[in-house]
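Shown next: structure28.pdb, given as PDB, C-alpha atoms.
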```
ATOM      1  CA  ARG I 387       3.232  52.846 -57.324
ATOM      2  CA  VAL I 388       4.400  56.312 -56.297
ATOM      3  CA  GLU I 389       5.252  57.575 -52.818
ATOM      4  CA  ALA I 390       5.707  61.224 -51.844
ATOM      5  CA  VAL I 391       6.348  63.227 -48.689
ATOM      6  CA  ILE I 392       5.198  66.847 -48.816
ATOM      7  CA  ALA I 393       6.060  69.218 -45.957
ATOM      8  CA  MET I 394       4.184  72.518 -45.974
ATOM      9  CA  PRO I 395       5.374  75.746 -44.290
ATOM     10  CA  THR I 396       1.981  75.825 -42.495
ATOM     11  CA  GLY I 397       3.074  72.936 -40.254
ATOM     12  CA  VAL I 398       1.386  70.137 -42.205
ATOM     13  CA  CYS I 399       3.364  67.089 -43.388
ATOM     14  CA  GLU I 400       1.648  64.732 -45.847
ATOM     15  CA  ILE I 401       2.711  61.174 -46.701
ATOM     16  CA  HIS I 402       1.133  60.103 -49.995
ATOM     17  CA  GLU I 403       0.746  56.919 -52.002
ATOM     18  CA  GLY I 404      -0.489  56.901 -55.545
ATOM     19  CA  THR I 405      -0.157  55.878 -59.150
ATOM     20  CA  LEU I 406       1.268  57.206 -62.379
ATOM     21  CA  ALA I 407      -0.714  56.128 -65.443
ATOM     22  CA  GLY I 408       0.516  57.710 -68.660
ATOM     23  CA  SER I 409       0.492  61.449 -68.010
ATOM     24  CA  HIS I 410      -1.777  61.307 -64.936
ATOM     25  CA  LEU I 411      -0.378  61.300 -61.386
ATOM     26  CA  SER I 412      -2.843  60.568 -58.592
ATOM     27  CA  LEU I 413      -1.822  60.846 -54.915
ATOM     28  CA  ALA I 414      -3.758  60.324 -51.667
ATOM     29  CA  THR I 415      -2.508  60.708 -48.116
ATOM     30  CA  ILE I 416      -1.946  57.651 -45.991
ATOM     31  CA  THR I 417      -0.743  59.816 -43.074
ATOM     32  CA  VAL I 418      -1.051  63.506 -42.191
ATOM     33  CA  ALA I 419       0.955  64.964 -39.298
ATOM     34  CA  THR I 420       0.694  68.529 -37.996
ATOM     35  CA  THR I 421       2.598  70.781 -35.646
ATOM     36  CA  PRO I 422       0.740  71.899 -32.498
ATOM     37  CA  THR I 423      -0.149  75.278 -34.085
ATOM     38  CA  ALA I 424      -1.166  74.009 -37.544
ATOM     39  CA  LYS I 425      -4.775  73.780 -38.637
ATOM     40  CA  GLU I 426      -6.324  70.320 -38.504
ATOM     41  CA  VAL I 427      -6.010  68.396 -41.795
ATOM     42  CA  ARG I 428      -7.445  64.867 -42.055
ATOM     43  CA  SER I 429      -6.731  63.976 -45.688
ATOM     44  CA  VAL I 430      -5.385  65.376 -48.963
ATOM     45  CA  THR I 431      -5.784  64.091 -52.514
ATOM     46  CA  ARG I 432      -3.769  65.503 -55.413
ATOM     47  CA  SER I 433      -4.264  64.956 -59.136
ATOM     48  CA  LEU I 434      -1.831  66.141 -61.821
ATOM     49  CA  GLN I 435      -2.473  65.631 -65.535
ATOM     50  CA  VAL I 436      -0.288  66.684 -68.463
ATOM     51  CA  ALA I 437      -2.227  67.421 -71.659
ATOM     52  CA  GLY I 438      -0.141  68.866 -74.473
ATOM     53  CA  ASP I 439       1.491  72.040 -73.142
ATOM     54  CA  ASP I 440      -0.773  72.232 -70.079
ATOM     55  CA  LEU I 441      -0.336  70.853 -66.567
ATOM     56  CA  ASN I 442      -3.693  70.590 -64.764
ATOM     57  CA  TYR I 443      -3.692  70.296 -60.979
ATOM     58  CA  GLU I 444      -6.439  69.613 -58.428
ATOM     59  CA  LEU I 445      -6.162  69.391 -54.655
ATOM     60  CA  TRP I 446      -8.959  67.990 -52.474
ATOM     61  CA  MET I 447      -8.784  68.316 -48.697
ATOM     62  CA  ALA I 448     -10.686  67.335 -45.560
ATOM     63  CA  ALA I 449      -9.737  69.893 -42.909
ATOM     64  CA  VAL I 450     -10.909  72.128 -40.056
ATOM     65  CA  GLY I 451     -14.080  70.135 -39.457
ATOM     66  CA  GLN I 452     -15.092  70.035 -43.128
ATOM     67  CA  GLY I 453     -15.414  66.902 -45.248
ATOM     68  CA  ASP I 454     -13.404  66.165 -48.365
ATOM     69  CA  GLN I 455     -13.835  69.052 -50.835
ATOM     70  CA  ILE I 456     -12.015  70.796 -53.644
ATOM     71  CA  HIS I 457      -9.418  73.147 -52.170
ATOM     72  CA  LEU I 458      -7.701  74.482 -55.299
ATOM     73  CA  THR I 459      -7.278  73.945 -59.027
ATOM     74  CA  ALA I 460      -4.689  75.323 -61.420
ATOM     75  CA  THR I 461      -3.554  75.051 -65.009
ATOM     76  CA  LEU I 462       0.039  75.859 -65.909
ATOM     77  CA  HIS I 463       0.853  76.568 -69.566
ATOM     78  CA  ARG I 464       4.246  75.850 -71.122
ATOM     79  CA  HIS I 465       5.734  78.790 -73.031
ATOM     80  CA  ASP I 466       8.550  78.662 -75.548
ATOM     81  CA  ARG I 467      11.274  80.927 -74.106
ATOM     82  CA  LYS I 468      12.673  81.832 -77.517
ATOM     83  CA  THR I 469       9.228  82.832 -78.840
ATOM     84  CA  ASP I 470       8.464  84.742 -75.619
ATOM     85  CA  ARG I 471      11.726  86.737 -75.892
ATOM     86  CA  GLU I 472      11.169  87.547 -79.570
ATOM     87  CA  GLY I 473       7.566  88.575 -78.926
ATOM     88  CA  SER I 474       8.487  91.005 -76.140
ATOM     89  CA  ALA I 475      11.258  92.785 -78.077
TER      90      ALA I 475
END
```
Please re-express this file's structure in C-alpha cells.
Amino acid sequence: RVEAVIAMPTGVCEIHEGTLAGSHLSLATITVATTPTAKEVRSVTRSLQVAGDDLNYELWMAAVGQGDQIHLTATLHRHDRKTDREGSA
C-alpha cells in the first residue's frame, strides 16, 4: 500500500492511496481539499509505469462539473548524460 499527499500551486491538495506492483504505481484520491479560490476537483487518479527507459504517466480527473476523464498523459525518456554530451560536441 502506498500513501501520498500532493499539494498543487492551484490551491488543490490531494490525499491518495494506491499500490505499487512491479514497475506500476497506481494512486487514487481518498480526499481532495481546495482553497476558496481553487477550481472544484472531486477526484484524481494517477498511473505511473516504468518500461525500459520510459516513464509513462496518466492523470484522470473529475472536476468543474465534468465526470472522470483523462486530463493529461506524458512519456519521459531517460537519456545517458555521457552520450548526450558527446553527441552535442
>> (5.3, 79.9, -38.2) in this file's frame - what residues fall within 12 Å of it? Use only C-alpha atoms and give the answer as JSON, numbers by chain.
In response: {"I": [394, 395, 396, 397, 398, 421, 422, 423, 424, 425]}
>> Please report the interatomic distance between CA of Trp446 (chain I) and CA of His410 (chain I) in Å with one decimal.
In response: 15.9 Å
Might you pull out every residue within 9 Å of region 452-458 of chain I, with all atoms listed in the file counted and same-chain residues fewer than 5 positions away left off, and present them as a compact mmCIF listing (two decimals) with C-alpha atoms, in the coordinates of the input?
```txt
# COMPACT_ATOMS: atom_id res chain seq x y z
CA ARG I 428 -7.44 64.87 -42.06
CA SER I 429 -6.73 63.98 -45.69
CA VAL I 430 -5.38 65.38 -48.96
CA THR I 431 -5.78 64.09 -52.51
CA TYR I 443 -3.69 70.30 -60.98
CA GLU I 444 -6.44 69.61 -58.43
CA LEU I 445 -6.16 69.39 -54.66
CA TRP I 446 -8.96 67.99 -52.47
CA MET I 447 -8.78 68.32 -48.70
```
> Expanded to explicit residues, what is the PyMOL selection byres ((chain I and resi 404) around 12) for this file, as a list in words?
Replying inline: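 Listing what the PyMOL selection byres ((chain I and resi 404) around 12) selects in the shown file: Arg387, Val388, Glu389, Ala390, Val391, Ile401, His402, Glu403, Thr405, Leu406, Ala407, His410, Leu411, Ser412, Leu413, Ala414, Thr415, Ile416, Val430, Thr431, Arg432, Ser433 and Leu434 of chain I.
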>> Quick check on the file I pasted: which residues fall under the PyMOL selection byres ((chain I and resi 450) around 8)? Write them as a list in words.
In response: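 Written out, the selection comes to Lys425, Glu426, Val427, Ala448, Ala449, Gly451 and Gln452 of chain I.
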>> Would you compute the distance between CA of Leu441 (chain I) and CA of Thr420 (chain I)? Give it in Å to one decimal.
In response: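 Separation between CA of Leu441 (chain I) and CA of Thr420 (chain I): 28.7 Å.
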> In Å, how far is it from CA of Asp439 (chain I) to CA of Leu462 (chain I)?
Replying inline: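 One can read the CA of Asp439 (chain I) to CA of Leu462 (chain I) distance as 8.3 Å.
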>> Using only C-alpha atoms for the distances, tell me which of I:Thr461, I:Thr417, I:Asn442, I:Gln435 is nearest to Cys399 (chain I).
In response: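 Between I:Thr461, I:Thr417, I:Asn442, I:Gln435, the residue approaching Cys399 (chain I) most closely is I:Thr417.
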